[in-house]
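Q: Dropping the structure in here first, questions after.
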Amino acid sequence: MHLILFIIFAALCLTGAVNLLFQKQPINSALSLIVVMTSLAVLYLLLGAEFLAAAQVIVYAGAIMVLFTFVVMLLNAGREERTLGSSAYRTVGFPAVVAILAVIATGFVKLQGFGDARMDDHITSTADLSAVLFTKLLLPFEVTSVLILVAILGSVALARKSDAEEREPK
Amino acid sequence: MHLVSHEVPLVWYLLLSAVLFCLGVVGFLIKRNLITVFMSIELMLNAVNLSFVTFAHQWHEVKGQIFVFFVMMVAAAEAAVGLAIIIAVFRARSTLAVDRIDLMKL
Amino acid sequence: MNDSLHLWLIPLLPFIGFLLNGLVGRRLPKSVVSAIALLAPFGSFLVVLLASRPASFPHVENYGTWITAGSFNVDLTLVLDQLSLIMLLVITGVGFLIHIYSVGYMHSDEGYWRYFAYLNLFLFFMTTLVLAGNALLMFVGWEGVGLASYLLIGFWFQRKSAADAGKKAFIVNRIGDFGFLIGLFLLIVNFGTLTFSDLAARLAANPTMTGGVLTAIALCLFIGATGKSAQLPLYVWLPDAMEGPTPVSALIHAATMVTAGVYMVARTHFIFDRSPLALSVVAIVGAATALFAATIGLVQNDIKRVLAYSTVSQLGYMFLGCGVAAYSAAIFHLMTHAFFKALLFLAAGSVIHAMGGEQDMRKMGGLRAKTPITFWTMTMAVLAISGFPFMSAFFSKDAILAAAFASGSLGKILWFVGLVTAALTAFYMFRLWYLTFFGETRSHDAHPHESPRSMLGPLVVLAVLSVGGGWIGAGRFGAFLSPTLGTRTEEMSGSLELVMMLLAVAAGACGWFIAHRMYYQRSAAAQLAAPAPAGHNLLVNKYYVDEFYNFAIIKPLIAVSKYVLEWIVDVAILGGLAWLLAGIASFSGAVLQRWQSGNIRSYAAWLALGAALLLYFVLAPHVFGAPSLHLGMAGH
C-alpha cells in the first residue's frame, strides 16, 4: 500500500517537475508546479508529517502558487521568447548539475542505518510539533512573523506604481 | 531487492529529493522567463523540504519538521518580495526575458 | 714612514674642484670657477713638493681594506716613491700651467665651468693612477682618465666630429683595457695579489721564474698600454682626439694620460724584466710606431695633427726605451717630452687663437713678426724635440738610443730605426715651424694678434723647462730612479757614447736642412713630392689604417649588431616576448570578460558550477572514499 502510493505520487512529482521544464507558457509551468506541490504534500503525509502536509497545501499550493499565477496574469507573461544568450548554461551548467546529482545520489545510496517507511509508522501530531515550536523555538517563530511583516511592506513598496506614474493623465 | 508492498526504503525518498533538486537547477539554467526561473527556485526549496522530512522521520526528530515549517515561511516571504521585484523590473524594462535584463554587463 | 705625508690630498683636491665646479659651477661667475679650478692642481703640486723627501721613500699610506675575497686582498694604498714623485711633479706642475693657460684660451666658451670640472676630474684620476699601490687602484685611475679624455675630447659635443672622436677614443681605449684586465686576472690567478710591492717581492724570491705565464701577463698589460699610449695598432684615436680644445690636447694627449702606459710598464718592470720576449715585443712595437707615425706626420697639413702624430712617435721612443730595459731613460724622456710637447701644443693653441681658429698650416705664415712670444717659445720647443744639443730631449733621446744600441743585434736595428725617426722628427717639426711662422701671410681673413698673458705665461715657463729640463736629469736620472727601477747592467764606453750623440745630432740637422730647403727656400718642395705621388697619397691618408679598421672591424660589427642583435634578439626574441606577454594579458582579459557578461543565465551556470565544486570538496572524500556512510544524530 505504502509502496504503491509512493510510486504514484513520486511519479506525479517527477512528471510535474519535468513538465515545468518543458512548457513554454509560464502559466502551464505554474500549474505543473502546483501538481508537484500537492504530490509532495501527500508524500509528507506518507512520512508521517500531517501538519506539514496541510501547511504545504495551504501555504505553498494555496498561497504562493496563487501569487505566482496572479503575477503571470498581471504581467501577461506570454510565450517564452527565443533570445540570444550565452551558451554557458549548456557547457558549464549541465555538467555541474550532473556532478551535483552524482555526489548527492551516491552519498544517499551509501547511507547506512536507514530503514523503511511503513503505513503504521508513528505520525507526528500537531501537538508534538507545537510543543517544541512554542517552547524551545519560540524566538525564531516570533522573528518569522516579523520577517513576514517586512516582506509585506517590501513587496507593497516595490510593486506599487511610482508617484510619477500615478499622476499620468488617465 | 526483495520488495514488500508495505515498505518503502527511505533512501528512495532521498533520491527523489535529489532528483527534484537537480531538476530545479536545470530549470533555473534553461528557462528564459523570469517568473519561470523563480518557479524553479521554489522547486528546489521543496526538494530540500522533502529531504528534511525524510530525515525527521528516520530519526523521529520533530526539529526536522519544524525546520521545514520555517523554510516554508521564508519561501513565502521570499516569493512575495521576489514577485514584487519582478513586477518592478517588468515596469522598468517592459520585458520578462532573462537575457534582455543585462544592464550589469561591462 | 712615521708621519703621514697626507698623500690623499693629492687626488682629493682636484676631486673637490671637480665636484664644486661640476655641481654649482654653472651658476658661479667665471672668476670663482677659475679660482677653484686653479687652486686644485696648485694645492696638489704643493703637497707633492712638501712630500718630496726621497730619503724616506717608498712611502706607503694605507687607507683601509677595499676588497677581501677569500685570500685575495686589495687595499686602498697610495705609494710615493721616486718614480711616482717624478710623474706627480710633471702631472701637477705641467697640469697647473695648462690650467692657467686654459683660463685665457677658454675664456669665451659657454661651457667654461664644465671644462674645468672635467679637467680637475682628469687630474684626480691621473694622480690616483700614479699613486696607486696596487694594480686594481691603478686600473681605477686608468679607466677614469679614459673617461675624462672622452668627456674632454667631445667637449664641443654639438659638433659631430668631436662627439665621434670622443667615442672613438673611449672605445679603442676599452679594447686595450681588455688586455689590461686579462693581465690583472692572470696576476691574481698566479700570484694571488695585485699589490706591486708584494709582486716584486714574490718575483725576487723566485729568481728562476722566467717566461711562460710572465710573458703572457706582460704582453696583456702591454696591450693595455698600446691602447692608452696610442701605439700600433691602437693609436688611431689620438689624431682624432685633436677635436678637443688645444689645452686638453696638451695636457692629456701629450703630457700625462698617454704616458700612463709608459708609467705602467715602468711600474711593473719586474715582470717585464723576466720575459725577454715581452721586452722585445715592446721595443719593436715602440720603434715601429715611432717610425710609422713620423712618416704620417711628414705630410699632414693640420698643425694639431702633426703634433698628434709626433706624440705617437715620441711615445714609441719611450716604449723603445722600456723595451731595452732602460726604464729610467724612458721616464726621463717622458718628462722632457711633457715639457716640450705641452709647449708645442699650447703654442699651437696660441697660433690658432691668433689666426682666429684656423688650423691649416697652408693658410698660415708670417706669424713670426705678428706673434713674437709665441714664435720664440715654439722655436725652443721645436729645437728641443729635434734634439738640439744640450736641450732637454737631446739628453733623453740620446739615453734611449744609446741603450738600444747596447742591447744586442735587435737593439742595433732598433737604434737605426730610432735614428731615422729622429731625422724625420726634425724634418716635420721644422716644416711646421717654417710653414707657420715664415713667409708671407697666406690667409687674408685673419688678423693675427698676440695672445693674452694668461696664455703666454705658461708658454714661457715651459720654454725654460724645455731648454733646461734636461740638465735636471742628465746622468743623474738613472741613479735617482734606481731604487724603483733597478739599474742597467750594460754600459757603453765613453767614446761610443760620444759617437752616438753626434750621430743623433747629425740626424736632426739633416732633417732640418731638408725642411729648410723645401719650405724656407721653397726650391725643392714640389720636386720631392712629385716623383712619388702614390707614396705621398699613402702618407696623407695615414696609410688608410682608419679605412682598414672601418672595413675589417667596424662594418662587420655593425652588420652583426643590425642583423643578429637587432633583428634576431631585439625584434624577434624580445619583441616576441613582449608581444606574447601582451597577448596573454589581452587574451585572458577577453576570456575573463565573458564572466561579466551581465547575462543572468551565464551567472546561473557558474553558480551551479561553484556549488558543484563546493559539494565535491566537502562531500567527495566521504562519499566516494568510504564504502558506507554513517550519519547520526545525538541520542539516536
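Just so we're on the same page: first chain in the C-alpha cells is A, next is B, and so on; residues restart at 1 for each chain, and ligands are numbered from 1 in the order they show up.
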If we count only C-alpha atoms, which residues of chain C reach to within 10 Å of chain A? Please list them as a ChimeraX atom specification.

A: /C:594-595,597-616,619-620,622-624,626-632

Q: May I ask you to extract the residues of chain B within 12 Å of chain C, using only C-alpha atoms, and to give them as number ranges by chain?

A: B: 21-22, 24-34, 37, 41, 55-56, 58-61, 63-64, 97-106

Q: Quick one: which residues from chain A are at most 6 Å off chain B, using only C-alpha atoms, as number ranges by chain?

A: A: 1-3, 21, 26, 85, 89, 116-118, 148, 151, 155, 158-159

Q: What does the distance from atom CA of C:Ile175 to atom CA of C:Leu137 come to in Å, to one decimal?

A: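 Computed distance, atom CA of C:Ile175 to atom CA of C:Leu137, equals 19.1 Å.
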
Q: Which residue gives the smallest distance to C:Ala165 among C:Ala200, C:Pro239, C:Ala479, C:Ser451, with only C-alpha atoms counted?

A: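 Between C:Ala200, C:Pro239, C:Ala479, C:Ser451, the residue approaching C:Ala165 most closely is C:Pro239.
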
Q: Do a neighbour search on C:Val47 at 8 Å with only C-alpha atoms, toss out local chain neighbours closer than 2 positions, and write the hits as a PyMOL selection string.

A: chain C and resi 6-7+9-10+43-45+49-51

Q: Go ahead and write the selection's residues with C-alpha atoms as a short mmCIF file (atom, residue, chain, number, x, y, z; two decimals), in the first residue's frame.

A:
```cif
data_model
loop_
_atom_site.label_atom_id
_atom_site.label_comp_id
_atom_site.auth_asym_id
_atom_site.auth_seq_id
_atom_site.Cartn_x
_atom_site.Cartn_y
_atom_site.Cartn_z
CA HIS C 6 98.80 63.25 3.53
CA LEU C 7 99.06 61.72 0.11
CA LEU C 9 95.23 65.25 -0.51
CA ILE C 10 96.86 64.92 -3.89
CA GLY C 43 97.38 72.58 -3.98
CA SER C 44 98.30 69.13 -5.21
CA PHE C 45 101.56 70.45 -6.54
CA LEU C 49 106.65 69.32 -3.20
CA LEU C 50 106.26 69.04 0.53
CA ALA C 51 106.27 65.29 0.29
#
```

Q: Please identify the helix (DSSP H, G or I) residues within chain B (assignment by DSSP from backbone atoms) and present them as a count of residues only.

A: 82

Q: Nearest to C:Ala218: which of C:Ala37, C:Ala162, C:Met380, C:Val282 is it, counting only C-alpha atoms?

A: C:Val282

Q: List every residue of stretch 13-243 of chain C that DSSP, applied to the backbone of this structure, assigns to strand (DSSP E), and report them as an MDAnalysis selection string.

A: chainID C and resid 59:69 72:80
